[in-house]
>>> print(open('start.cif').read())   # mmCIF, C-alpha atoms and all ligand atoms
data_data
loop_
_atom_site.group_PDB
_atom_site.id
_atom_site.type_symbol
_atom_site.label_atom_id
_atom_site.label_comp_id
_atom_site.auth_asym_id
_atom_site.auth_seq_id
_atom_site.Cartn_x
_atom_site.Cartn_y
_atom_site.Cartn_z
ATOM 1 C CA MET W 1 42.457 -24.283 -14.558
ATOM 2 C CA ILE W 2 38.908 -22.939 -14.850
ATOM 3 C CA ASP W 3 37.697 -20.132 -17.094
ATOM 4 C CA PHE W 4 34.670 -18.762 -15.255
ATOM 5 C CA HIS W 5 33.567 -16.116 -17.725
ATOM 6 C CA THR W 6 33.393 -16.874 -21.472
ATOM 7 C CA HIS W 7 31.242 -16.094 -24.502
ATOM 8 C CA ILE W 8 31.987 -19.351 -26.289
ATOM 9 C CA LEU W 9 28.381 -20.555 -26.644
ATOM 10 C CA PRO W 10 27.751 -19.558 -30.292
ATOM 11 C CA ASN W 11 25.054 -17.302 -31.753
ATOM 12 C CA VAL W 12 23.515 -16.154 -28.514
ATOM 13 C CA ASP W 13 25.221 -12.809 -27.855
ATOM 14 C CA ASP W 14 28.137 -10.694 -29.124
ATOM 15 C CA GLY W 15 30.547 -13.572 -28.469
ATOM 16 C CA SER W 16 31.288 -16.500 -30.783
ATOM 17 C CA ARG W 17 29.452 -16.115 -34.096
ATOM 18 C CA ASP W 18 29.613 -19.728 -35.218
ATOM 19 C CA MET W 19 30.607 -23.218 -34.222
ATOM 20 C CA GLU W 20 33.935 -22.945 -36.008
ATOM 21 C CA THR W 21 34.912 -19.981 -33.820
ATOM 22 C CA SER W 22 33.723 -21.784 -30.681
ATOM 23 C CA LEU W 23 35.814 -24.841 -31.539
ATOM 24 C CA ALA W 24 38.898 -22.665 -32.062
ATOM 25 C CA MET W 25 38.266 -20.940 -28.727
ATOM 26 C CA ILE W 26 37.896 -24.272 -26.917
ATOM 27 C CA LYS W 27 41.148 -25.534 -28.462
ATOM 28 C CA LYS W 28 42.927 -22.384 -27.257
ATOM 29 C CA GLU W 29 41.494 -22.867 -23.740
ATOM 30 C CA ILE W 30 42.753 -26.468 -23.684
ATOM 31 C CA ALA W 31 46.192 -25.399 -24.976
ATOM 32 C CA ASP W 32 46.288 -22.858 -22.127
ATOM 33 C CA GLY W 33 45.708 -25.603 -19.562
ATOM 34 C CA VAL W 34 42.009 -24.970 -18.905
ATOM 35 C CA ASP W 35 40.022 -28.072 -17.884
ATOM 36 C CA THR W 36 36.677 -26.420 -17.110
ATOM 37 C CA ILE W 37 34.919 -23.788 -19.190
ATOM 38 C CA VAL W 38 31.959 -21.909 -17.767
ATOM 39 C CA LEU W 39 29.719 -20.582 -20.551
ATOM 40 C CA THR W 40 28.272 -17.210 -19.589
ATOM 41 C CA PRO W 41 26.182 -15.620 -22.377
ATOM 42 C CA HIS W 42 25.001 -12.061 -21.775
ATOM 43 C CA ILE W 43 21.468 -11.643 -20.552
ATOM 44 C CA LYS W 44 19.535 -8.384 -20.296
ATOM 45 C CA TYR W 45 16.390 -9.543 -18.608
ATOM 46 C CA ASN W 46 14.458 -6.306 -19.014
ATOM 47 C CA ASP W 47 14.568 -6.707 -22.764
ATOM 48 C CA ASN W 48 11.526 -8.545 -24.160
ATOM 49 C CA LYS W 49 13.718 -10.846 -26.197
ATOM 50 C CA PHE W 50 16.014 -11.806 -23.361
ATOM 51 C CA LEU W 51 17.565 -15.250 -23.190
ATOM 52 C CA LYS W 52 15.548 -17.119 -20.621
ATOM 53 C CA LYS W 53 16.869 -20.052 -18.625
ATOM 54 C CA LYS W 54 15.030 -22.558 -20.836
ATOM 55 C CA ASP W 55 16.466 -20.935 -24.021
ATOM 56 C CA ILE W 56 20.018 -21.085 -22.710
ATOM 57 C CA ASP W 57 19.573 -24.711 -21.635
ATOM 58 C CA LYS W 58 18.294 -25.580 -25.110
ATOM 59 C CA PHE W 59 21.185 -23.849 -26.899
ATOM 60 C CA PHE W 60 23.622 -25.577 -24.603
ATOM 61 C CA GLU W 61 22.177 -29.021 -25.268
ATOM 62 C CA GLU W 62 22.721 -28.583 -28.988
ATOM 63 C CA PHE W 63 26.200 -27.138 -28.476
ATOM 64 C CA TYR W 64 27.253 -29.856 -26.056
ATOM 65 C CA SER W 65 26.372 -32.618 -28.513
ATOM 66 C CA LYS W 66 29.077 -31.160 -30.783
ATOM 67 C CA VAL W 67 31.808 -30.622 -28.174
ATOM 68 C CA SER W 68 31.353 -33.518 -25.759
ATOM 69 C CA PHE W 69 34.318 -35.349 -27.321
ATOM 70 C CA PHE W 70 36.722 -32.807 -25.769
ATOM 71 C CA ASN W 71 38.250 -34.028 -22.533
ATOM 72 C CA ILE W 72 37.111 -30.941 -20.679
ATOM 73 C CA ALA W 73 34.136 -29.972 -18.495
ATOM 74 C CA PHE W 74 31.542 -27.425 -19.567
ATOM 75 C CA LEU W 75 29.356 -25.654 -17.054
ATOM 76 C CA LEU W 76 26.512 -23.402 -18.036
ATOM 77 C CA GLY W 77 25.568 -20.050 -16.589
ATOM 78 C CA SER W 78 25.122 -16.473 -17.733
ATOM 79 C CA GLU W 79 26.408 -12.946 -17.281
ATOM 80 C CA ILE W 80 23.533 -10.887 -15.948
ATOM 81 C CA TYR W 81 23.376 -7.168 -16.726
ATOM 82 C CA TYR W 82 21.803 -5.535 -13.697
ATOM 83 C CA THR W 83 18.672 -3.411 -13.895
ATOM 84 C CA GLU W 84 15.853 -3.345 -11.339
ATOM 85 C CA ASN W 85 13.751 -6.402 -10.415
ATOM 86 C CA LEU W 86 16.614 -8.863 -10.625
ATOM 87 C CA LEU W 87 15.725 -10.469 -7.330
ATOM 88 C CA GLU W 88 12.133 -11.020 -8.427
ATOM 89 C CA LYS W 89 13.267 -12.672 -11.678
ATOM 90 C CA LEU W 90 15.809 -14.828 -9.861
ATOM 91 C CA ILE W 91 13.230 -15.994 -7.376
ATOM 92 C CA GLN W 92 10.888 -16.831 -10.268
ATOM 93 C CA ARG W 93 13.740 -18.997 -11.678
ATOM 94 C CA GLU W 94 13.516 -17.294 -15.075
ATOM 95 C CA ILE W 95 17.181 -16.386 -15.092
ATOM 96 C CA LYS W 96 20.024 -18.787 -15.677
ATOM 97 C CA THR W 97 22.462 -18.801 -12.752
ATOM 98 C CA LEU W 98 25.866 -20.526 -12.653
ATOM 99 C CA ASN W 99 25.045 -24.216 -13.075
ATOM 100 C CA ASP W 100 21.615 -23.398 -11.589
ATOM 101 C CA SER W 101 23.274 -22.752 -8.232
ATOM 102 C CA ASN W 102 22.830 -19.665 -6.079
ATOM 103 C CA TYR W 103 25.998 -18.118 -7.601
ATOM 104 C CA ILE W 104 25.411 -15.395 -10.189
ATOM 105 C CA LEU W 105 27.844 -13.554 -12.423
ATOM 106 C CA ILE W 106 26.557 -9.994 -12.468
ATOM 107 C CA GLU W 107 27.717 -6.897 -14.327
ATOM 108 C CA PHE W 108 26.700 -3.303 -13.706
ATOM 109 C CA ASN W 109 26.433 -0.292 -15.976
ATOM 110 C CA PRO W 110 30.059 0.521 -16.851
ATOM 111 C CA PHE W 111 29.461 4.252 -17.460
ATOM 112 C CA TYR W 112 27.662 5.462 -14.369
ATOM 113 C CA GLU W 113 26.378 4.031 -11.118
ATOM 114 C CA ASN W 114 22.661 4.153 -11.855
ATOM 115 C CA TYR W 115 21.809 1.857 -8.931
ATOM 116 C CA ASN W 116 23.260 1.678 -5.464
ATOM 117 C CA ILE W 117 25.390 -1.415 -5.972
ATOM 118 C CA GLU W 118 25.980 -1.993 -2.280
ATOM 119 C CA ASN W 119 22.213 -2.120 -1.654
ATOM 120 C CA VAL W 120 21.751 -4.497 -4.597
ATOM 121 C CA LEU W 121 24.441 -6.795 -3.203
ATOM 122 C CA PHE W 122 22.941 -6.646 0.269
ATOM 123 C CA ASP W 123 19.509 -7.692 -1.023
ATOM 124 C CA LEU W 124 20.923 -10.513 -3.141
ATOM 125 C CA LYS W 125 22.919 -11.872 -0.209
ATOM 126 C CA ALA W 126 19.949 -11.530 2.149
ATOM 127 C CA ASN W 127 17.990 -13.779 -0.228
ATOM 128 C CA GLY W 128 20.686 -16.449 -0.398
ATOM 129 C CA PHE W 129 22.336 -15.493 -3.693
ATOM 130 C CA LYS W 130 26.100 -15.262 -4.094
ATOM 131 C CA PRO W 131 27.061 -12.469 -6.483
ATOM 132 C CA ILE W 132 30.294 -12.511 -8.428
ATOM 133 C CA ILE W 133 30.896 -9.022 -9.840
ATOM 134 C CA ALA W 134 32.120 -9.184 -13.438
ATOM 135 C CA HIS W 135 35.096 -6.946 -14.277
ATOM 136 C CA PRO W 136 34.491 -4.006 -11.880
ATOM 137 C CA GLU W 137 37.889 -2.610 -12.965
ATOM 138 C CA ARG W 138 36.168 -1.604 -16.230
ATOM 139 C CA TYR W 139 33.496 0.579 -14.568
ATOM 140 C CA ASN W 140 34.219 4.302 -15.005
ATOM 141 C CA TYR W 141 33.167 5.164 -11.460
ATOM 142 C CA ILE W 142 35.097 2.419 -9.688
ATOM 143 C CA ASP W 143 37.815 2.882 -7.096
ATOM 144 C CA LEU W 144 39.425 0.548 -4.594
ATOM 145 C CA LYS W 145 37.202 1.738 -1.767
ATOM 146 C CA LYS W 146 34.086 0.710 -3.700
ATOM 147 C CA ILE W 147 35.591 -2.701 -4.508
ATOM 148 C CA LEU W 148 36.391 -3.170 -0.841
ATOM 149 C CA ASN W 149 32.813 -2.229 0.076
ATOM 150 C CA TYR W 150 31.454 -4.771 -2.429
ATOM 151 C CA LYS W 151 33.614 -7.440 -0.845
ATOM 152 C CA GLU W 152 32.409 -6.419 2.587
ATOM 153 C CA GLN W 153 28.853 -6.969 1.336
ATOM 154 C CA GLY W 154 29.926 -10.539 0.551
ATOM 155 C CA ALA W 155 30.419 -10.207 -3.210
ATOM 156 C CA LEU W 156 33.252 -11.903 -5.057
ATOM 157 C CA ILE W 157 35.417 -9.929 -7.477
ATOM 158 C CA GLN W 158 36.140 -11.229 -10.994
ATOM 159 C CA ILE W 159 38.777 -9.392 -13.004
ATOM 160 C CA ASP W 160 39.089 -9.712 -16.801
ATOM 161 C CA SER W 161 42.488 -11.016 -17.833
ATOM 162 C CA ALA W 162 42.718 -8.555 -20.756
ATOM 163 C CA SER W 163 42.446 -5.624 -18.307
ATOM 164 C CA LEU W 164 45.866 -6.513 -16.894
ATOM 165 C CA PHE W 165 47.399 -6.132 -20.348
ATOM 166 C CA GLY W 166 45.762 -2.739 -21.005
ATOM 167 C CA PHE W 167 43.159 -3.943 -23.504
ATOM 168 C CA PHE W 168 40.427 -1.895 -21.787
ATOM 169 C CA GLY W 169 42.570 1.202 -21.337
ATOM 170 C CA LYS W 170 44.996 2.620 -18.818
ATOM 171 C CA ARG W 171 42.479 3.078 -16.044
ATOM 172 C CA ALA W 172 41.185 -0.518 -16.095
ATOM 173 C CA LYS W 173 44.791 -1.725 -16.281
ATOM 174 C CA LYS W 174 45.774 0.326 -13.252
ATOM 175 C CA ILE W 175 42.750 -0.727 -11.166
ATOM 176 C CA SER W 176 43.159 -4.400 -12.073
ATOM 177 C CA HIS W 177 46.807 -4.358 -10.971
ATOM 178 C CA LEU W 178 45.932 -2.457 -7.793
ATOM 179 C CA CYS W 179 43.361 -5.139 -7.002
ATOM 180 C CA PHE W 180 46.107 -7.750 -7.216
ATOM 181 C CA LYS W 181 48.475 -5.664 -5.090
ATOM 182 C CA LYS W 182 45.787 -5.246 -2.415
ATOM 183 C CA ASN W 183 44.725 -8.892 -2.657
ATOM 184 C CA LEU W 184 41.126 -8.073 -3.617
ATOM 185 C CA VAL W 185 40.790 -10.493 -6.534
ATOM 186 C CA ASP W 186 38.704 -13.642 -6.146
ATOM 187 C CA LEU W 187 38.691 -14.812 -9.750
ATOM 188 C CA ILE W 188 40.397 -13.949 -13.007
ATOM 189 C CA SER W 189 38.722 -14.998 -16.246
ATOM 190 C CA SER W 190 39.252 -14.425 -19.948
ATOM 191 C CA ASP W 191 35.754 -13.041 -20.760
ATOM 192 C CA CYS W 192 36.690 -14.213 -24.261
ATOM 193 C CA HIS W 193 34.404 -13.173 -27.126
ATOM 194 C CA ASP W 194 36.254 -14.511 -30.189
ATOM 195 C CA ASN W 195 39.489 -16.086 -31.280
ATOM 196 C CA ASN W 196 41.200 -12.855 -32.383
ATOM 197 C CA PHE W 197 41.099 -9.675 -30.328
ATOM 198 C CA ARG W 198 39.320 -11.063 -27.295
ATOM 199 C CA SER W 199 40.558 -14.632 -27.327
ATOM 200 C CA PRO W 200 41.129 -17.003 -24.400
ATOM 201 C CA ASN W 201 44.452 -16.032 -22.779
ATOM 202 C CA LEU W 202 44.710 -17.575 -19.325
ATOM 203 C CA LYS W 203 48.152 -19.125 -19.875
ATOM 204 C CA GLU W 204 49.854 -15.799 -20.538
ATOM 205 C CA THR W 205 47.785 -14.208 -17.767
ATOM 206 C CA LYS W 206 48.923 -16.791 -15.239
ATOM 207 C CA GLU W 207 52.509 -16.206 -16.327
ATOM 208 C CA LEU W 208 52.109 -12.458 -15.850
ATOM 209 C CA ILE W 209 50.521 -12.850 -12.389
ATOM 210 C CA THR W 210 53.211 -15.301 -11.297
ATOM 211 C CA LYS W 211 55.975 -12.983 -12.492
ATOM 212 C CA LYS W 212 54.526 -9.806 -10.985
ATOM 213 C CA TYR W 213 52.814 -11.036 -7.820
ATOM 214 C CA GLY W 214 54.331 -14.463 -7.135
ATOM 215 C CA ILE W 215 53.252 -18.061 -7.343
ATOM 216 C CA LYS W 216 51.168 -17.934 -4.143
ATOM 217 C CA ILE W 217 48.821 -15.245 -5.476
ATOM 218 C CA ALA W 218 48.628 -17.036 -8.849
ATOM 219 C CA GLU W 219 47.701 -20.313 -7.160
ATOM 220 C CA GLN W 220 45.179 -18.552 -4.959
ATOM 221 C CA VAL W 221 43.193 -17.059 -7.849
ATOM 222 C CA PHE W 222 43.721 -19.690 -10.546
ATOM 223 C CA GLU W 223 43.492 -22.833 -8.422
ATOM 224 C CA ILE W 224 42.231 -22.444 -4.849
ATOM 225 C CA ASN W 225 39.471 -19.833 -5.285
ATOM 226 C CA ALA W 226 38.375 -21.164 -8.669
ATOM 227 C CA ASN W 227 38.150 -24.767 -7.431
ATOM 228 C CA ASN W 228 36.272 -23.759 -4.291
ATOM 229 C CA ILE W 229 33.638 -21.933 -6.325
ATOM 230 C CA LYS W 230 33.455 -24.730 -8.879
ATOM 231 C CA ASN W 231 32.842 -27.234 -6.072
ATOM 232 C CA GLU W 232 30.125 -25.012 -4.627
ATOM 233 C CA ILE W 233 28.273 -24.641 -7.913
ATOM 234 C CA LEU W 234 28.579 -28.378 -8.614
ATOM 235 C CA LYS W 235 26.829 -29.255 -5.387
ATOM 236 C CA ILE W 236 23.545 -28.235 -6.938
ATOM 237 C CA LYS W 237 23.680 -30.057 -10.233
ATOM 238 C CA ASN W 238 26.136 -32.026 -12.284
ATOM 239 C CA ILE W 239 26.025 -31.084 -15.963
ATOM 240 C CA SER W 240 28.525 -32.593 -18.352
ATOM 241 C CA ASN W 241 31.271 -32.582 -15.771
ATOM 242 C CA LYS W 242 34.050 -34.936 -16.662
HETATM 243 FE FE FE G 1 31.352 -11.041 -20.448
#
>>> encode(input="start.cif", output="structure tokens", more="lines below")
Ligand SMILES: [Fe+2]
Amino acid sequence: MIDFHTHILPNVDDGSRDMETSLAMIKKEIADGVDTIVLTPHIKYNDNKFLKKKDIDKFFEEFYSKVSFFNIAFLLGSEIYYTENLLEKLIQREIKTLNDSNYILIEFNPFYENYNIENVLFDLKANGFKPIIAHPERYNYIDLKKILNYKEQGALIQIDSASLFGFFGKRAKKISHLCFKKNLVDLISSDCHDNNFRSPNLKETKELITKKYGIKIAEQVFEINANNIKNEILKIKNISNK
């Protein structure tokens, strides 16, 4: 199993605060049956102090020297908060993408739609990038029609596992379940930030999906889709993949 969206890399964002927490999170991922963790620290590239690709690579190198004994693969990427000029920054290679591939995990303003997301997706796709939308079920303005439109623009949909359990409120819970019912989900990830309230939880999530929507849907999101994307992002580069 692959966790595509995590904040396990320590001291770089509002995720893990120290190595001890990161180690506990990794152990929980392994206990859940995860064999590949994608590290996706937040980046806000219009902030002067944003984490550039070279910074993230450096932090990862140090981190990996302490966790390489685990029998598990780590891939490095980021979670990009969209504001204007993303395309320009991506083309300049300043922004860390998923394993330096053309796949990007992208989140939009959760409160209001301050950019036309469909246009953004169109431009990214037209320039060869493959956007994965992080937790759209948590956006206040979202509905199924919008999610369908995003998919029609070629974006992939990543749902947060905690949404299904109601952690982000009734609305996000309802939308996340509707996405499963309508077969709109490409990936489900923990988006874990710590080892307490927002801890890795893919085992219980897979159990819930299997119980509610059947083994075929569970296999589709947890195995088939996840492995296909992993294989795609590995074609570019091979970092610490066991
Ligand atoms: Fe996240």
>>> residues_around(input="start.cif", residues="range 191-205 of chain W", least_positions_apart="5", cutoff="6 Å", atoms="all atoms listed in the file", output="PyMOL selection string")
chain W and resi 5-7+15-16+25+29+32
>>> residues_around(input="start.cif", residues="Cys179 in chain W", least_positions_apart="3", cutoff="12 Å", atoms="all atoms listed in the file", output="NGL selection string")
:W and (135-137 or 142-148 or 151 or 157-160 or 163-164 or 172-176 or 182-188 or 209 or 213 or 217 or 221)
>>> resolve_selection(input="start.cif", expression="the PyMOL selection byres (((chain W and resi 78) around 8) and not hetatm)", output="PDB file with C-alpha atoms, in the frame of the given file")
ATOM      1  CA  LEU W  39      29.719 -20.582 -20.551  1.00  0.00           C
ATOM      2  CA  THR W  40      28.272 -17.210 -19.589  1.00  0.00           C
ATOM      3  CA  PRO W  41      26.182 -15.620 -22.377  1.00  0.00           C
ATOM      4  CA  HIS W  42      25.001 -12.061 -21.775  1.00  0.00           C
ATOM      5  CA  ILE W  43      21.468 -11.643 -20.552  1.00  0.00           C
ATOM      6  CA  LEU W  76      26.512 -23.402 -18.036  1.00  0.00           C
ATOM      7  CA  GLY W  77      25.568 -20.050 -16.589  1.00  0.00           C
ATOM      8  CA  GLU W  79      26.408 -12.946 -17.281  1.00  0.00           C
ATOM      9  CA  ILE W  80      23.533 -10.887 -15.948  1.00  0.00           C
ATOM     10  CA  LYS W  96      20.024 -18.787 -15.677  1.00  0.00           C
ATOM     11  CA  THR W  97      22.462 -18.801 -12.752  1.00  0.00           C
ATOM     12  CA  LEU W  98      25.866 -20.526 -12.653  1.00  0.00           C
ATOM     13  CA  ILE W 104      25.411 -15.395 -10.189  1.00  0.00           C
ATOM     14  CA  LEU W 105      27.844 -13.554 -12.423  1.00  0.00           C
TER      15      LEU W 105
END
>>> resolve_selection(input="start.cif", expression="the PyMOL selection byres (((chain W and resi 141) around 8) and not hetatm)", output="mmCIF file with C-alpha atoms, in the frame of the given file")
data_model
loop_
_atom_site.group_PDB
_atom_site.id
_atom_site.type_symbol
_atom_site.label_atom_id
_atom_site.label_comp_id
_atom_site.auth_asym_id
_atom_site.auth_seq_id
_atom_site.Cartn_x
_atom_site.Cartn_y
_atom_site.Cartn_z
ATOM 1 C CA PRO W 110 30.059 0.521 -16.851
ATOM 2 C CA PHE W 111 29.461 4.252 -17.460
ATOM 3 C CA TYR W 112 27.662 5.462 -14.369
ATOM 4 C CA GLU W 113 26.378 4.031 -11.118
ATOM 5 C CA TYR W 139 33.496 0.579 -14.568
ATOM 6 C CA ASN W 140 34.219 4.302 -15.005
ATOM 7 C CA ILE W 142 35.097 2.419 -9.688
ATOM 8 C CA ASP W 143 37.815 2.882 -7.096
#
>>> resolve_selection(input="start.cif", expression="the PyMOL selection byres (((chain W and resi 86-94) around 10) and not hetatm)", output="VMD selection string")
chain W and resid 45 to 46 51 to 54 80 to 85 95 to 97 100 102 104 120 123 to 124 127 129
>>> closest_residue(input="start.cif", among="W:Ala218, W:Ile8, W:Ile224, W:Ala31", to="ligand FE 1 (chain G)", atoms="all atoms listed in the file")
W:Ile8
>>> atom_distance(input="start.cif", atom1="CA of Asn227 in chain W", atom2="CA of Arg171 in chain W")
29.5 Å
>>> closest_residue(input="start.cif", among="W:Leu178, W:Leu234, W:Ala134, W:Met1", to="ligand FE 1 (chain G)", atoms="all atoms listed in the file")
W:Ala134
